[in-house]
Amino acid sequence: MNAEICRAIREYRLIELRYGWGLRLVEPHAYGHNDNGHDLLRCYQTSGASESGENRGWKHLRLDEINGLRVLQDQFARPRQGYKRGDKALDAQIYCEL
């Protein structure tokens with residue numbers, strides 16, 4: 001899954017994934033590891049399910065809770081407003097980022 005996520009980030013490809021109880025469509029921006037021992041995907045969710053009720057917006061998704069990740073052919077044009085390189089939540093290591 002790691003190589004797929006980094007490829008999607010490099011190529012500005014949308015990702016469809018199952019997280020929690022439903023499908024989500026996200027724009028991946030950064031992927032890394034935090035000090036709590038979890039791999040995280042920093043992404044902007046454009047549609048789909050959300051346990052918080054916020055189905056659009058910035059999310060940190062734990063990789064161990066993602067199922068059925070699929071990199072789509074569809075692309076997004078540029079980083080979303082508000083994105084900053086060097087995401088502090090990925091405080092242990094950033095594997096790849098826009």
# chains A, B, ... in the order shown; residues from 1 in each chain; ligands from 1
$ select_by_dssp --residues "stretch 7-94 of chain A" --states "alpha helix (DSSP H)" --output "list in words"
Arg7, Ala8, Ile9 and Arg10 of chain A
$ write_last_selection --atoms "C-alpha atoms" --output "PDB file, in the first residue's frame"
ATOM      1  CA  ARG A   7       2.557   7.153  -6.465  1.00  0.00           C
ATOM      2  CA  ALA A   8      -0.875   8.739  -6.011  1.00  0.00           C
ATOM      3  CA  ILE A   9       0.718  11.712  -4.232  1.00  0.00           C
ATOM      4  CA  ARG A  10       3.418  12.159  -6.891  1.00  0.00           C
TER       5      ARG A  10
END
$ closest_residue --among "A:Arg24, A:Arg13, A:His29, A:Arg80" --to "A:Gln45" --atoms "only C-alpha atoms"
A:Arg24
$ residues_around --residues "A:Ala49" --least-positions-apart "3" --cutoff "6 Å" --atoms "only C-alpha atoms" --output "list in words"
Gly22, Leu23, Arg24 and Asn55 of chain A
$ select_by_dssp --residues "chain A" --states "strand (DSSP E or B)" --output "PyMOL selection string"
chain A and resi 13-19+22-33+39-48+57-62+66-75+93-97
$ residues_around --residues "A:Leu25" --least-positions-apart "5" --cutoff "8 Å" --atoms "only C-alpha atoms" --output "ChimeraX atom specification"
/A:14-17,45-48
$ decode --residues "stretch 50-80 of chain A" --atoms "N, CA and C atoms" --output "PDB file, in the first residue's frame"
ATOM      1  N   SER A  50     -18.371   9.767   6.594  1.00  0.00           N
ATOM      2  CA  SER A  50     -17.566  10.374   7.652  1.00  0.00           C
ATOM      3  C   SER A  50     -18.270  10.159   8.980  1.00  0.00           C
ATOM      4  N   GLU A  51     -17.582   9.547   9.922  1.00  0.00           N
ATOM      5  CA  GLU A  51     -18.173   9.324  11.239  1.00  0.00           C
ATOM      6  C   GLU A  51     -18.433  10.636  11.967  1.00  0.00           C
ATOM      7  N   SER A  52     -17.638  11.661  11.682  1.00  0.00           N
ATOM      8  CA  SER A  52     -17.812  12.965  12.336  1.00  0.00           C
ATOM      9  C   SER A  52     -18.933  13.782  11.699  1.00  0.00           C
ATOM     10  N   GLY A  53     -19.411  13.352  10.524  1.00  0.00           N
ATOM     11  CA  GLY A  53     -20.424  14.115   9.801  1.00  0.00           C
ATOM     12  C   GLY A  53     -19.825  15.135   8.845  1.00  0.00           C
ATOM     13  N   GLU A  54     -18.518  15.306   8.886  1.00  0.00           N
ATOM     14  CA  GLU A  54     -17.819  16.231   7.990  1.00  0.00           C
ATOM     15  C   GLU A  54     -17.289  15.434   6.796  1.00  0.00           C
ATOM     16  N   ASN A  55     -18.047  15.390   5.709  1.00  0.00           N
ATOM     17  CA  ASN A  55     -17.625  14.564   4.567  1.00  0.00           C
ATOM     18  C   ASN A  55     -16.746  15.322   3.584  1.00  0.00           C
ATOM     19  N   ARG A  56     -16.418  16.574   3.888  1.00  0.00           N
ATOM     20  CA  ARG A  56     -15.461  17.366   3.095  1.00  0.00           C
ATOM     21  C   ARG A  56     -14.513  18.029   4.068  1.00  0.00           C
ATOM     22  N   GLY A  57     -13.234  18.031   3.688  1.00  0.00           N
ATOM     23  CA  GLY A  57     -12.264  18.727   4.522  1.00  0.00           C
ATOM     24  C   GLY A  57     -11.020  17.905   4.785  1.00  0.00           C
ATOM     25  N   TRP A  58     -10.106  18.514   5.537  1.00  0.00           N
ATOM     26  CA  TRP A  58      -8.820  17.889   5.853  1.00  0.00           C
ATOM     27  C   TRP A  58      -8.998  16.758   6.844  1.00  0.00           C
ATOM     28  N   LYS A  59      -8.293  15.652   6.576  1.00  0.00           N
ATOM     29  CA  LYS A  59      -8.349  14.470   7.437  1.00  0.00           C
ATOM     30  C   LYS A  59      -6.948  13.888   7.615  1.00  0.00           C
ATOM     31  N   HIS A  60      -6.734  13.260   8.762  1.00  0.00           N
ATOM     32  CA  HIS A  60      -5.602  12.365   8.985  1.00  0.00           C
ATOM     33  C   HIS A  60      -6.216  10.979   9.144  1.00  0.00           C
ATOM     34  N   LEU A  61      -5.899  10.075   8.242  1.00  0.00           N
ATOM     35  CA  LEU A  61      -6.448   8.718   8.288  1.00  0.00           C
ATOM     36  C   LEU A  61      -5.347   7.741   8.650  1.00  0.00           C
ATOM     37  N   ARG A  62      -5.621   6.879   9.620  1.00  0.00           N
ATOM     38  CA  ARG A  62      -4.653   5.858  10.008  1.00  0.00           C
ATOM     39  C   ARG A  62      -4.645   4.745   8.967  1.00  0.00           C
ATOM     40  N   LEU A  63      -3.460   4.381   8.513  1.00  0.00           N
ATOM     41  CA  LEU A  63      -3.340   3.354   7.475  1.00  0.00           C
ATOM     42  C   LEU A  63      -3.866   2.002   7.931  1.00  0.00           C
ATOM     43  N   ASP A  64      -3.712   1.681   9.204  1.00  0.00           N
ATOM     44  CA  ASP A  64      -4.173   0.377   9.683  1.00  0.00           C
ATOM     45  C   ASP A  64      -5.696   0.295   9.765  1.00  0.00           C
ATOM     46  N   GLU A  65      -6.390   1.404   9.503  1.00  0.00           N
ATOM     47  CA  GLU A  65      -7.847   1.404   9.498  1.00  0.00           C
ATOM     48  C   GLU A  65      -8.424   1.578   8.092  1.00  0.00           C
ATOM     49  N   ILE A  66      -7.549   1.634   7.081  1.00  0.00           N
ATOM     50  CA  ILE A  66      -7.979   1.760   5.683  1.00  0.00           C
ATOM     51  C   ILE A  66      -8.118   0.372   5.069  1.00  0.00           C
ATOM     52  N   ASN A  67      -9.212   0.172   4.355  1.00  0.00           N
ATOM     53  CA  ASN A  67      -9.444  -1.060   3.606  1.00  0.00           C
ATOM     54  C   ASN A  67      -9.779  -0.704   2.166  1.00  0.00           C
ATOM     55  N   GLY A  68      -9.406  -1.570   1.249  1.00  0.00           N
ATOM     56  CA  GLY A  68      -9.830  -1.411  -0.129  1.00  0.00           C
ATOM     57  C   GLY A  68      -9.344  -0.147  -0.809  1.00  0.00           C
ATOM     58  N   LEU A  69      -8.116   0.265  -0.555  1.00  0.00           N
ATOM     59  CA  LEU A  69      -7.575   1.461  -1.189  1.00  0.00           C
ATOM     60  C   LEU A  69      -7.397   1.234  -2.683  1.00  0.00           C
ATOM     61  N   ARG A  70      -7.854   2.219  -3.474  1.00  0.00           N
ATOM     62  CA  ARG A  70      -7.734   2.135  -4.925  1.00  0.00           C
ATOM     63  C   ARG A  70      -7.334   3.497  -5.472  1.00  0.00           C
ATOM     64  N   VAL A  71      -6.194   3.543  -6.160  1.00  0.00           N
ATOM     65  CA  VAL A  71      -5.739   4.773  -6.809  1.00  0.00           C
ATOM     66  C   VAL A  71      -6.495   4.908  -8.123  1.00  0.00           C
ATOM     67  N   LEU A  72      -7.154   6.032  -8.314  1.00  0.00           N
ATOM     68  CA  LEU A  72      -7.973   6.256  -9.507  1.00  0.00           C
ATOM     69  C   LEU A  72      -7.156   6.929 -10.607  1.00  0.00           C
ATOM     70  N   GLN A  73      -7.670   6.898 -11.818  1.00  0.00           N
ATOM     71  CA  GLN A  73      -7.038   7.603 -12.934  1.00  0.00           C
ATOM     72  C   GLN A  73      -7.294   9.107 -12.848  1.00  0.00           C
ATOM     73  N   ASP A  74      -8.386   9.490 -12.180  1.00  0.00           N
ATOM     74  CA  ASP A  74      -8.740  10.904 -12.039  1.00  0.00           C
ATOM     75  C   ASP A  74      -7.687  11.627 -11.214  1.00  0.00           C
ATOM     76  N   GLN A  75      -7.393  12.865 -11.624  1.00  0.00           N
ATOM     77  CA  GLN A  75      -6.379  13.658 -10.939  1.00  0.00           C
ATOM     78  C   GLN A  75      -6.989  14.923 -10.350  1.00  0.00           C
ATOM     79  N   PHE A  76      -6.300  15.488  -9.356  1.00  0.00           N
ATOM     80  CA  PHE A  76      -6.644  16.815  -8.857  1.00  0.00           C
ATOM     81  C   PHE A  76      -5.555  17.771  -9.333  1.00  0.00           C
ATOM     82  N   ALA A  77      -5.900  19.036  -9.453  1.00  0.00           N
ATOM     83  CA  ALA A  77      -5.040  19.993 -10.154  1.00  0.00           C
ATOM     84  C   ALA A  77      -3.834  20.477  -9.352  1.00  0.00           C
ATOM     85  N   ARG A  78      -4.013  20.684  -8.058  1.00  0.00           N
ATOM     86  CA  ARG A  78      -2.942  21.280  -7.258  1.00  0.00           C
ATOM     87  C   ARG A  78      -3.224  21.011  -5.783  1.00  0.00           C
ATOM     88  N   PRO A  79      -2.263  21.298  -4.921  1.00  0.00           N
ATOM     89  CA  PRO A  79      -2.533  21.150  -3.487  1.00  0.00           C
ATOM     90  C   PRO A  79      -3.701  22.040  -3.060  1.00  0.00           C
ATOM     91  N   ARG A  80      -4.491  21.551  -2.145  1.00  0.00           N
ATOM     92  CA  ARG A  80      -5.625  22.312  -1.614  1.00  0.00           C
ATOM     93  C   ARG A  80      -5.136  23.496  -0.794  1.00  0.00           C
TER      94      ARG A  80
END
